[in-house]
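Q: Sharing a structure with you now.
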Amino acid sequence: MELIFEREDLLEAMQVVGNIAASRNTLPILANVLIRATEEHIQLAATDLEVGVKSLVEGEIKEPGSITIPARKLADIARELPVSSASGDPVKVSLKTSASDRVEIECENARFRMVGLSDEEFPPLPEIGDEFISLESDLMNNMIQKTVFAVSTEETRHFLNGIYLSINSDTVKMVATDGKRLAVAINKEDGVSDKEIGVIIPTKAVNNVLRTFTEDGEVKVALLENQIAFASEKMTLISRLIEGDYPDTEAVMSPTMSNEIKVTANTDHLLSVVRRVSLLANPKTPSIRMETNESELSISASTPELGEAKEQIQVDHEGGSIEIAFNARYVLDVLRNIESEKVLFKFRDSLSPVLVMPSDETEVTYMCVIMPMRL
Amino acid sequence: MWHSSRAILHLDMDAYFASVEQVSNPFIRGKPVIITGVGERTIVVTASYNARKYGIKTGMTVYQAKRLCPGVIRVPDNLEKYVYTTLKIREILIGFTDRVKMYSIDKFFMDLTRKIKKYNTPEDMLKEIKLRIKRETKLKCSCGLAPNKLLAKLGSNMEKPDGLVIIYPEKVMDILKKLPVDKLHGIGKSTGIRLRQMGIAKASDLGNAPPDLLKSHFGFSGHILRLMGNGIDNSKVPCYWEHRKEKSIGHYHTLPFDTLDMDLIKACILMLCLRVTTRMRDKKRSAKTVALTVRYSDFTTFSRRKTVGYFMETMQGIYNICLKILESIGELTKPVRLLGVTLSGLAEGGRQLYLLDDLEKESRLNKAISEINDKFGDFTIKPASILIMSADKRFKNN
């Protein structure tokens, strides 16, 4: 095999692919990137058996073939190669296999000879078939960003360690919860899918989706056996799915819709107030207290060793008064993801779930439920 | 009269363990007695003053002690007895002030600032404290009264046994001028040698040493050393009911026999999880780190810990992490003798409520179990799998 890349193309691909390759694994092949060139195209691939990625890279194919070499090292080499050439042309990198799985990389005056492994043992990564749904990458990324913060890190409840993606004929929905807060992003669009889908995608995979599909355009989403695949023109990302039943989050959400105490505040203002006040909350479990007083919402925090902080903010207030405590981190996470100017809180009482959503939406696209702390 | 802003007492029980034994056994009173551990390879824990006359010191082997004094009486230690007596002494001291801090099993600090003025002289108060202890426990102690803990400790060491030393503020400097620097509490052998090499022999030399010199040799501790050299110590004696925040909560259990039976090991871990969770809940804490300690039959001991990215509150959550740790240990190579579960990375604060029913139920269940066990005693309610331990025949035999 002999290939010639532009340094930038190789680097860009390796930044995504190198990330996926396993850093610690008993199987050496999983730490390697697969480089496979046919007559038509060059593909780089890596997997840690949980998530796999394939990337098409532009380049000149002098001789087709395939090999695997340590992924992190190749990514590091690509990063350190000369940025500009003497002639001013884009920097070229040549990659050539020689006898006994050796790989020679040359760029300007730099030469590397690396020990590779044959591609025979590299686990096959599935291809997307004809059955898929299409999502705009920016919409998909936005929905992931708005929910991923609520994913549980508790290893003992593995079915909460991912985003629950549900799709039906006119709705794409992403849900995440750690049992203390819940985030739901919804997109209504006719004719998305003719089948009902409900799968749990691991956090690692969704984070890699955000990293991989940065360019605008359509992303195909397909379900394979126990796996999900995302594919753009150049990139394909495959992840195993989390097995298990996702809890019935609708049962948690719906009752909060009818909570009668409503407080509407300016999102950015409230965000900065909560950030300030929580500076004096207990650093480990930063509990803040919210209290309504007609059109004023007061936010306070106190820690015996540190002191107290309090600040008021003007709000629109309907229904009775409320005094409630939250983990400040949960409130901040939600406020950071509310894009609208105003945010609406719906309370029932100091021990019941609280609904938080953008206040000026005619059709709900985003909502969160936060469970309070005992006062 | 006492003129200092503070009056701190250090009270050190004389030849404590040996004296306690001599009180309870008239036949060994007035004789050379050593308290030792059990077995042949043990050492002298305490020597009575009669034994000390022969040159016997704490830390010697029994063999060495017997060579110095062939007639020495050896008594194996009885910690329960000593702890009981210590608590009794503590009660007596609390009768004088609630600013009592147990420094070790036979040493106490007391802040008498507010109380001492009621007496004609400081000696009167100290004599009364000593008398009360003598009357109720038949034990003697050495006392040092001074403006701070550092000097009080120094005072109690100046006259032993049955000493009573008062370091008046105006005498502090004279004492420090004569005091070898390594006699200051907190300056050990090696620091003492280093100081001497720097030409600092007496405590007052340390107090007068250039701060930069001390800093260059000892870093920040140099600053503290200099304060010590000047006889300054601002640390407080807290009230006996104030205690420092715990950094960890742990429980250990020695199995009645060594075993490789995973069911029993898991049941024991579950029991330990119940104990630590109950204590953690009592203290309104949650924990981020769990450590599992395993001691094999040959006493090789190791701990593995796991830190999670959230705060654990429930027994089940903690138990699940313990099982993960156990899994990561792999196959146990020898029969297990002791198990321990320790929680650390503790946070305090209000209880987070849960959205999902099963989680909230688990949290409430834990609370209910804790409350019932508080009321009716530990393990009134326990997970059924713990029963496996009591049902096992081998446990019954033990």
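Naming works like this for the structure tokens: A, B, ... for the chains as they're shown, residue 1 at the start of each chain, ligands 1 onward in shown order.
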Can you list, as a ChimeraX atom specification, every protein, DNA or RNA residue that comes within 9 Å of Phe230 of chain A when you count only C-alpha atoms, leaving out same-chain residues fewer than 2 positions away?

A: /A:128,209,213,219-222,228,232,235-239

Q: With only C-alpha atoms counted and 7 Å as the cut-off, give the residues of chain A in contact with chain B, each with its shortest interatomic distance in Å and the pair that gives it, as JSON lines.

A:
{"residue": "A:Thr153", "atom": "CA", "partner": "B:Gly309", "partner_atom": "CA", "distance": 6.4}
{"residue": "A:Thr156", "atom": "CA", "partner": "B:Asn320", "partner_atom": "CA", "distance": 6.4}
{"residue": "A:Gly179", "atom": "CA", "partner": "B:Leu355", "partner_atom": "CA", "distance": 5.2}
{"residue": "A:Lys180", "atom": "CA", "partner": "B:Tyr354", "partner_atom": "CA", "distance": 4.9}
{"residue": "A:Arg181", "atom": "CA", "partner": "B:Leu355", "partner_atom": "CA", "distance": 6.9}
{"residue": "A:Val252", "atom": "CA", "partner": "B:Leu355", "partner_atom": "CA", "distance": 6.9}
{"residue": "A:Lys284", "atom": "CA", "partner": "B:Ala347", "partner_atom": "CA", "distance": 5.6}
{"residue": "A:Thr285", "atom": "CA", "partner": "B:Gly349", "partner_atom": "CA", "distance": 6.3}
{"residue": "A:Pro353", "atom": "CA", "partner": "B:Leu355", "partner_atom": "CA", "distance": 7.0}
{"residue": "A:Met371", "atom": "CA", "partner": "B:Leu353", "partner_atom": "CA", "distance": 5.8}
{"residue": "A:Pro372", "atom": "CA", "partner": "B:Leu353", "partner_atom": "CA", "distance": 6.0}
{"residue": "A:Met373", "atom": "CA", "partner": "B:Gln352", "partner_atom": "CA", "distance": 4.3}
{"residue": "A:Arg374", "atom": "CA", "partner": "B:Arg351", "partner_atom": "CA", "distance": 5.5}
{"residue": "A:Leu375", "atom": "CA", "partner": "B:Gly350", "partner_atom": "CA", "distance": 6.6}

Q: Find the residues near Ser204 of chain B: any atom within 8 Å, counting only C-alpha atoms, skip ones fewer than 2 places away on the same chain, and give them as a ChimeraX atom specification.

A: /B:173,176-179,181,202,206-208,229-230

Q: Enumerate the residues of segment 274-397 of chain B with a DSSP assignment of strand (DSSP E or B), computed from the backbone, and present them as a VMD selection string.

A: chain B and resid 285 to 296 301 to 312 336 to 348 352

Q: Tell me which protein, DNA and RNA residues are within 7 Å of segment 163-176 of chain A, counting only C-alpha atoms, leaving out same-chain ones fewer than 3 positions away, and put them as a VMD selection string.

A: chain A and resid 143 147 to 148 150 to 151 182 to 203

Q: Between atom CA of Arg114 of chain B and atom CA of Ala7 of chain B, what is the distance in Å, rounded to a tenth?

A: 8.2 Å

Q: Can you tell me which residues surround Arg90 of chain B at a distance of at most 8 Å, considering only C-alpha atoms, apart from same-chain residues fewer than 3 positions away, and format the answer as a list in words?

A: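 The neighbour list is Thr86, Leu87, Leu93, Ile94, Val100 and Met102 of chain B.
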
Q: Can you pull out every residue within 8 Å of Thr256 of chain A, counting only C-alpha atoms, but drop anything in the same chain fewer than 6 positions away, and send it as a PDB file with N, CA, C and O atoms, in the first residue's frame?

A:
ATOM      1  N   LYS A 346     -42.178  25.952  37.080  1.00  0.00           N
ATOM      2  CA  LYS A 346     -43.504  25.598  37.606  1.00  0.00           C
ATOM      3  C   LYS A 346     -43.327  24.754  38.859  1.00  0.00           C
ATOM      4  O   LYS A 346     -42.787  23.644  38.789  1.00  0.00           O
ATOM      5  N   PHE A 347     -43.782  25.287  39.994  1.00  0.00           N
ATOM      6  CA  PHE A 347     -43.630  24.586  41.266  1.00  0.00           C
ATOM      7  C   PHE A 347     -44.977  24.064  41.749  1.00  0.00           C
ATOM      8  O   PHE A 347     -46.023  24.644  41.454  1.00  0.00           O
ATOM      9  N   ARG A 348     -44.935  23.003  42.530  1.00  0.00           N
ATOM     10  CA  ARG A 348     -46.146  22.569  43.232  1.00  0.00           C
ATOM     11  C   ARG A 348     -45.964  22.856  44.738  1.00  0.00           C
ATOM     12  O   ARG A 348     -46.645  23.671  45.309  1.00  0.00           O
ATOM     13  N   PRO A 353     -41.451  17.587  42.308  1.00  0.00           N
ATOM     14  CA  PRO A 353     -40.626  17.935  41.139  1.00  0.00           C
ATOM     15  C   PRO A 353     -41.014  19.289  40.550  1.00  0.00           C
ATOM     16  O   PRO A 353     -42.181  19.674  40.574  1.00  0.00           O
ATOM     17  N   VAL A 354     -40.031  19.973  40.016  1.00  0.00           N
ATOM     18  CA  VAL A 354     -40.238  21.308  39.461  1.00  0.00           C
ATOM     19  C   VAL A 354     -39.945  21.268  37.969  1.00  0.00           C
ATOM     20  O   VAL A 354     -38.948  20.688  37.546  1.00  0.00           O
ATOM     21  N   LEU A 355     -40.837  21.873  37.194  1.00  0.00           N
ATOM     22  CA  LEU A 355     -40.641  21.906  35.751  1.00  0.00           C
ATOM     23  C   LEU A 355     -39.936  23.206  35.366  1.00  0.00           C
ATOM     24  O   LEU A 355     -40.299  24.276  35.851  1.00  0.00           O
ATOM     25  N   VAL A 369     -36.956  18.661  34.378  1.00  0.00           N
ATOM     26  CA  VAL A 369     -37.579  18.530  35.686  1.00  0.00           C
ATOM     27  C   VAL A 369     -36.436  18.395  36.693  1.00  0.00           C
ATOM     28  O   VAL A 369     -35.501  17.622  36.470  1.00  0.00           O
TER      29      VAL A 369
END

Q: List every residue of segment 236-332 of chain B that DSSP, applied to the backbone of this structure, assigns to helix (DSSP H, G or I), and report them as a VMD selection string.

A: chain B and resid 262 to 282 315 to 329

Q: Counting only C-alpha atoms, which residue out of B:Ile89, B:Ile372, B:Val172, B:Leu150 sits closest to Arg132 of chain B?

A: B:Ile89

Q: Go through B:Thr259, B:Thr42, B:Thr254, B:Gln22 one by one, measure the shortest atom-to-atom distance of each to Lys140 of chain B using only C-alpha atoms, and give the residue with the smallest value.

A: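 When distances to Lys140 of chain B are compared using only C-alpha atoms, the smallest one comes from B:Gln22.
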
Q: Find the spatial neighbours of Lys117 of chain B, counting only C-alpha atoms, within a cut-off of 10 Å - ignore same-chain residues fewer than 3 positions away - and output them as a PyMOL selection string.

A: chain B and resi 1-3+7+112-114+120-122+125

Q: How many Å lie between atom CA of Cys107 of chain A and atom CA of His41 of chain A, rounded to one decimal?

A: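 We find that atom CA of Cys107 of chain A and atom CA of His41 of chain A lie 21.1 Å from each other.
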
Q: For Val72 of chain B, which of B:Phe257, B:Phe302, B:Tyr49, B:Phe109 is the closest residue, counting only C-alpha atoms?

A: B:Tyr49
